[in-house]
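Reviewing the structure listed below.
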Amino acid sequence: IGQAFLAYAHDFGKAGMVMLGVQHMSYGTIQGYDLNGVETGEFSSGETALIIGKSHRQGNFRFGINLKGVFSNIAGYRASALMFDLGGVFIHPHKPFTAGLVIRNAGFVLSDYTSTSGSSVPLDVRAGITFKPEHMPLRFSLTAFNLTQADVSYDDPDDDEEKPGALKKVLSHLSLGTEILIHKNVTLMAGYNYLAHQALKLPAGGGGAGVSLGAAVHVKAFEFVFSRSAYVAGSAGYSFTLSADLNKLLKRR
């Protein structure tokens with residue numbers, strides 16, 4: 001599975017900041033089978049989103065909205081949807097503290113794979129805070145996700161005795177993050193997702209499921225970010241992000 005995201009943002013003065021982007025996810029080549037288990041050949045599948053966004057700043061608040069056209073193709077069956085993201089963040093004027101709220105993937109399906117598919121958009125509401133204790137080279141983040149669903153906890157179908165309690169149901173909505181500020185231009189990062197850990201851990205141990213590690217380096221007009229997200233033992237996802245401030249890069253002396 002591979003995923004790529006390309007975006008460009010520009011400040012148009014009175015019109016404010018506008019972003020254009022495209023996101024693509026490829027699920028690779030998959031072997032197909034019929035109901036009797038007979039091979040029907042390989043097929044490919046993938047999804048693409050075209051995005052236009054607008055942001056606005058008012059005092060200590062920042063607001064943004066994305067409009068997304070999403071197109072999906074699975075073995076020749078196609079679907080499309082129109083969705084938007086709406087978010088806002090409060091930035092404390094004197095202290096290293098921010099708080100935000102975002103509504104993701106609100107919208108509706110334009111066309112479905114088949115007349116009986118019944119697909120829906122993956123609506124998600126998230127809230128989070130980030131703070132840095134004074135005199136400590138650490139920054140902490142706490143994010144609550146899937147707030148439109150009361151219970152998203154993982155219930156192991158093979159375990160008839162242990163059912164998710166109230167604490168596990170709460171933890172299944174939370175993701176934790178820590179940044180180690182080694183230098184003003186170098187940051188190490190670590191994250192933990194309890195729901196991913198519960199759903200993907202091995203019977204004999206966690207295998208690192210739900211744990212993410214990364215590093216960010218800022219060099220002049222460029223920022224490099226590398227991360228590794230563990231799923232199960234021996235299997236992980238890797239991402240690499242390159243950001244550039246073109247105003248600094250192209251600035252004339």
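Chain labels follow the order of the structure tokens: the first chain is A, the next B, and so on; residue numbering restarts at 1 in every chain, and ligands are counted from 1 in their shown order.
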DSSP says alpha helix (DSSP H) for which residues of segment 18-243 of chain A? Put them as a PDB file with N, CA, C and O atoms, in the first residue's frame?
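What landed in states39.pdb:
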ATOM      1  N   ALA A 166     -15.504   0.634  30.724  1.00  0.00           N
ATOM      2  CA  ALA A 166     -15.642   2.068  30.510  1.00  0.00           C
ATOM      3  C   ALA A 166     -14.297   2.728  30.227  1.00  0.00           C
ATOM      4  O   ALA A 166     -14.182   3.590  29.354  1.00  0.00           O
ATOM      5  N   LEU A 167     -13.245   2.312  30.969  1.00  0.00           N
ATOM      6  CA  LEU A 167     -11.929   2.909  30.779  1.00  0.00           C
ATOM      7  C   LEU A 167     -11.389   2.615  29.380  1.00  0.00           C
ATOM      8  O   LEU A 167     -10.858   3.509  28.710  1.00  0.00           O
ATOM      9  N   LYS A 168     -11.521   1.364  28.913  1.00  0.00           N
ATOM     10  CA  LYS A 168     -11.031   1.010  27.584  1.00  0.00           C
ATOM     11  C   LYS A 168     -11.799   1.748  26.498  1.00  0.00           C
ATOM     12  O   LYS A 168     -11.235   2.118  25.465  1.00  0.00           O
ATOM     13  N   LYS A 169     -13.086   1.966  26.723  1.00  0.00           N
ATOM     14  CA  LYS A 169     -13.887   2.691  25.738  1.00  0.00           C
ATOM     15  C   LYS A 169     -13.432   4.142  25.621  1.00  0.00           C
ATOM     16  O   LYS A 169     -13.413   4.713  24.523  1.00  0.00           O
ATOM     17  N   VAL A 170     -13.045   4.740  26.754  1.00  0.00           N
ATOM     18  CA  VAL A 170     -12.539   6.112  26.731  1.00  0.00           C
ATOM     19  C   VAL A 170     -11.170   6.171  26.062  1.00  0.00           C
ATOM     20  O   VAL A 170     -10.902   7.015  25.204  1.00  0.00           O
ATOM     21  N   LEU A 171     -10.270   5.254  26.453  1.00  0.00           N
ATOM     22  CA  LEU A 171      -8.924   5.236  25.893  1.00  0.00           C
ATOM     23  C   LEU A 171      -8.931   4.985  24.387  1.00  0.00           C
ATOM     24  O   LEU A 171      -8.032   5.427  23.667  1.00  0.00           O
ATOM     25  N   TYR A 194      -4.078   3.859  21.375  1.00  0.00           N
ATOM     26  CA  TYR A 194      -4.546   2.709  22.140  1.00  0.00           C
ATOM     27  C   TYR A 194      -5.445   1.798  21.309  1.00  0.00           C
ATOM     28  O   TYR A 194      -5.338   0.572  21.385  1.00  0.00           O
ATOM     29  N   LEU A 195      -6.322   2.372  20.494  1.00  0.00           N
ATOM     30  CA  LEU A 195      -7.235   1.566  19.687  1.00  0.00           C
ATOM     31  C   LEU A 195      -6.470   0.710  18.685  1.00  0.00           C
ATOM     32  O   LEU A 195      -6.764  -0.481  18.518  1.00  0.00           O
ATOM     33  N   ALA A 196      -5.480   1.307  18.009  1.00  0.00           N
ATOM     34  CA  ALA A 196      -4.672   0.543  17.060  1.00  0.00           C
ATOM     35  C   ALA A 196      -3.897  -0.565  17.766  1.00  0.00           C
ATOM     36  O   ALA A 196      -3.743  -1.669  17.231  1.00  0.00           O
ATOM     37  N   HIS A 197      -3.432  -0.281  18.972  1.00  0.00           N
ATOM     38  CA  HIS A 197      -2.692  -1.304  19.728  1.00  0.00           C
ATOM     39  C   HIS A 197      -3.588  -2.491  20.066  1.00  0.00           C
ATOM     40  O   HIS A 197      -3.202  -3.649  19.888  1.00  0.00           O
ATOM     41  N   GLN A 198      -4.793  -2.221  20.521  1.00  0.00           N
ATOM     42  CA  GLN A 198      -5.707  -3.295  20.907  1.00  0.00           C
ATOM     43  C   GLN A 198      -6.148  -4.118  19.707  1.00  0.00           C
ATOM     44  O   GLN A 198      -6.292  -5.342  19.793  1.00  0.00           O
ATOM     45  N   ALA A 199      -6.344  -3.472  18.573  1.00  0.00           N
ATOM     46  CA  ALA A 199      -6.854  -4.175  17.393  1.00  0.00           C
ATOM     47  C   ALA A 199      -5.780  -4.979  16.678  1.00  0.00           C
ATOM     48  O   ALA A 199      -6.089  -6.001  16.051  1.00  0.00           O
ATOM     49  N   LEU A 200      -4.510  -4.556  16.763  1.00  0.00           N
ATOM     50  CA  LEU A 200      -3.465  -5.158  15.937  1.00  0.00           C
ATOM     51  C   LEU A 200      -2.404  -5.918  16.724  1.00  0.00           C
ATOM     52  O   LEU A 200      -1.528  -6.516  16.117  1.00  0.00           O
TER      53      LEU A 200
END
Original post:
Near Gly76 of chain A, within 12 Å and counting only C-alpha atoms, which residues show up once chain neighbours fewer than 4 positions away are dropped, as a VMD selection string?
Top reply: chain A and resid 42 to 46 72 113 to 114
Subject >> Nearest to Tyr8 of chain A by atom-to-atom distance, counting only C-alpha atoms, from A:Lys54, A:Ser80, A:Ala221, A:Leu35 >> reply: A:Lys54
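The residue that comes closest to Ala9 of chain A, out of A:Ser243, A:Lys220, A:Ser175, A:Leu250 and on the basis of only C-alpha atoms, is A:Ser243.
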Original post:
segment 12-235 of chain A: which residues are strand (DSSP E) by DSSP, as a PyMOL selection string?
Top reply: chain A and resi 17-33+39-58+61-74+77-91+97-111+124-131+138-144+174-183+186-193+211-219+222-232+235
Take the residues that were just selected and, keeping C-alpha atoms, output them as a CSV table (one decimal), in the first residue's frame.
chain,number,residue,atom,x,y,z
A,17,MET,CA,-4.3,31.8,2.4
A,18,VAL,CA,-5.5,29.3,-0.3
A,19,MET,CA,-4.3,25.7,-0.6
A,20,LEU,CA,-4.5,23.3,-3.5
A,21,GLY,CA,-3.7,19.6,-3.1
A,22,VAL,CA,-4.1,16.1,-4.4
A,23,GLN,CA,-3.9,12.9,-2.3
A,24,HIS,CA,-3.7,9.4,-3.7
A,25,MET,CA,-3.7,6.0,-2.1
A,26,SER,CA,-2.9,2.9,-4.0
A,27,TYR,CA,-3.8,-0.5,-2.6
A,28,GLY,CA,-1.5,-2.3,-5.1
A,29,THR,CA,-2.3,-5.4,-7.1
A,30,ILE,CA,-4.7,-7.9,-5.4
A,31,GLN,CA,-5.5,-11.5,-6.4
A,32,GLY,CA,-9.2,-12.0,-7.1
A,33,TYR,CA,-11.3,-15.1,-6.4
A,39,GLU,CA,-8.7,-17.4,-9.1
A,40,THR,CA,-10.2,-14.7,-11.3
A,41,GLY,CA,-7.0,-12.8,-12.0
A,42,GLU,CA,-5.4,-9.8,-10.5
A,43,PHE,CA,-6.9,-6.4,-10.1
A,44,SER,CA,-5.8,-3.0,-8.9
A,45,SER,CA,-7.6,-0.4,-6.7
A,46,GLY,CA,-6.9,3.1,-5.4
A,47,GLU,CA,-8.5,6.3,-4.3
A,48,THR,CA,-7.8,9.9,-5.1
A,49,ALA,CA,-8.9,13.2,-3.5
A,50,LEU,CA,-8.7,16.7,-5.1
A,51,ILE,CA,-8.6,19.3,-2.4
A,52,ILE,CA,-9.0,23.1,-2.2
A,53,GLY,CA,-8.7,24.8,1.1
A,54,LYS,CA,-9.0,28.3,2.7
A,55,SER,CA,-7.7,29.5,6.0
A,56,HIS,CA,-8.3,32.7,8.0
A,57,ARG,CA,-6.8,34.2,11.1
A,58,GLN,CA,-8.6,36.3,13.6
A,61,PHE,CA,-7.8,32.0,16.5
A,62,ARG,CA,-7.2,30.3,13.1
A,63,PHE,CA,-9.9,28.8,11.0
A,64,GLY,CA,-9.8,26.6,7.9
A,65,ILE,CA,-12.0,24.7,5.5
A,66,ASN,CA,-11.2,22.1,2.9
A,67,LEU,CA,-13.5,21.0,0.0
A,68,LYS,CA,-12.6,17.6,-1.3
A,69,GLY,CA,-13.7,15.6,-4.4
A,70,VAL,CA,-13.0,11.9,-3.7
A,71,PHE,CA,-12.8,9.2,-6.4
A,72,SER,CA,-12.5,5.5,-5.7
A,73,ASN,CA,-11.8,2.6,-8.0
A,74,ILE,CA,-11.9,-1.1,-6.8
A,77,TYR,CA,-16.1,-0.6,-9.7
A,78,ARG,CA,-16.2,3.2,-9.2
A,79,ALA,CA,-17.6,5.6,-6.5
A,80,SER,CA,-17.3,9.3,-5.8
A,81,ALA,CA,-18.1,11.6,-3.0
A,82,LEU,CA,-18.0,15.3,-2.1
A,83,MET,CA,-16.7,16.1,1.4
A,84,PHE,CA,-15.4,19.0,3.4
A,85,ASP,CA,-13.3,19.5,6.5
A,86,LEU,CA,-13.9,22.4,8.9
A,87,GLY,CA,-11.6,23.3,11.8
A,88,GLY,CA,-10.4,25.9,14.2
A,89,VAL,CA,-7.5,26.3,16.6
A,90,PHE,CA,-6.8,28.7,19.5
A,91,ILE,CA,-3.2,29.8,20.0
A,97,PHE,CA,-0.6,26.1,24.4
A,98,THR,CA,-3.0,25.4,21.6
A,99,ALA,CA,-6.4,23.8,21.4
A,100,GLY,CA,-8.3,22.8,18.3
A,101,LEU,CA,-11.5,21.2,17.0
A,102,VAL,CA,-12.0,19.7,13.5
A,103,ILE,CA,-14.9,18.1,11.6
A,104,ARG,CA,-13.5,15.7,9.0
A,105,ASN,CA,-15.1,14.1,6.0
A,106,ALA,CA,-18.6,15.6,6.3
A,107,GLY,CA,-20.5,15.3,3.0
A,108,PHE,CA,-22.3,12.8,0.8
A,109,VAL,CA,-21.8,10.1,-1.8
A,110,LEU,CA,-22.3,11.3,-5.4
A,111,SER,CA,-22.1,7.8,-7.0
A,124,ASP,CA,-15.1,12.1,12.1
A,125,VAL,CA,-15.0,14.8,14.8
A,126,ARG,CA,-11.7,15.4,16.6
A,127,ALA,CA,-10.5,17.7,19.4
A,128,GLY,CA,-7.0,18.1,20.7
A,129,ILE,CA,-4.6,20.2,22.8
A,130,THR,CA,-0.8,20.7,22.7
A,131,PHE,CA,1.2,22.2,25.5
A,138,LEU,CA,9.2,18.5,25.8
A,139,ARG,CA,5.9,19.2,24.1
A,140,PHE,CA,2.8,17.0,24.7
A,141,SER,CA,-0.3,16.4,22.6
A,142,LEU,CA,-3.6,14.7,23.4
A,143,THR,CA,-6.1,14.1,20.6
A,144,ALA,CA,-9.6,12.7,20.9
A,174,LEU,CA,-7.5,9.0,22.5
A,175,SER,CA,-4.1,9.3,20.8
A,176,LEU,CA,-1.0,10.6,22.7
A,177,GLY,CA,2.0,12.3,21.4
A,178,THR,CA,5.4,13.6,22.7
A,179,GLU,CA,8.0,15.8,21.1
A,180,ILE,CA,11.6,16.0,22.4
A,181,LEU,CA,12.9,19.5,21.4
A,182,ILE,CA,16.6,18.6,21.0
A,183,HIS,CA,17.4,21.8,19.1
A,186,VAL,CA,15.7,19.2,15.4
A,187,THR,CA,12.8,17.4,17.0
A,188,LEU,CA,12.2,13.8,17.9
A,189,MET,CA,8.6,12.5,18.1
A,190,ALA,CA,6.7,9.6,19.6
A,191,GLY,CA,3.1,8.7,19.6
A,192,TYR,CA,0.7,6.0,20.9
A,193,ASN,CA,-2.8,5.0,19.7
A,211,VAL,CA,3.4,3.0,18.4
A,212,SER,CA,4.8,5.7,16.1
A,213,LEU,CA,8.3,7.2,16.1
A,214,GLY,CA,9.6,10.1,14.0
A,215,ALA,CA,12.1,13.0,13.6
A,216,ALA,CA,11.9,16.4,12.1
A,217,VAL,CA,14.8,18.6,10.9
A,218,HIS,CA,14.5,22.2,9.7
A,219,VAL,CA,17.3,23.4,7.4
A,222,PHE,CA,13.2,23.3,4.1
A,223,GLU,CA,11.7,20.9,6.7
A,224,PHE,CA,12.2,17.1,6.6
A,225,VAL,CA,10.0,14.8,8.6
A,226,PHE,CA,10.4,11.0,8.7
A,227,SER,CA,8.1,8.7,10.7
A,228,ARG,CA,7.5,5.0,11.3
A,229,SER,CA,4.2,3.6,12.5
A,230,ALA,CA,4.1,0.1,13.8
A,231,TYR,CA,1.2,-2.2,13.1
A,232,VAL,CA,2.2,-5.8,14.0
A,235,SER,CA,5.2,-4.8,9.7
Original post:
Hey, can you check how far atom CA of Gly16 of chain A sits from atom CA of Asn247 of chain A?
Top reply: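 Between atom CA of Gly16 of chain A and atom CA of Asn247 of chain A the gap works out to 15.7 Å.
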Subject >> Residue among A:His173, A:Lys163, A:Lys14, A:Lys132 lying closest to Leu147 of chain A, counting only C-alpha atoms >> reply: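 Among the listed residues, the smallest separation from Leu147 of chain A belongs to A:His173.
The interatomic distance for the pair atom CA of Gly165 of chain A and atom CA of Asn146 of chain A works out to 17.6 Å.
Straight-line separation from atom CA of His94 of chain A to atom CA of Asp11 of chain A: 25.4 Å.
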Subject >> Nearest to Ala233 of chain A by atom-to-atom distance, counting only C-alpha atoms, from A:Lys95, A:Lys201, A:Phe145, A:Lys248 >> reply: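 When distances to Ala233 of chain A are compared using only C-alpha atoms, the smallest one comes from A:Lys201.
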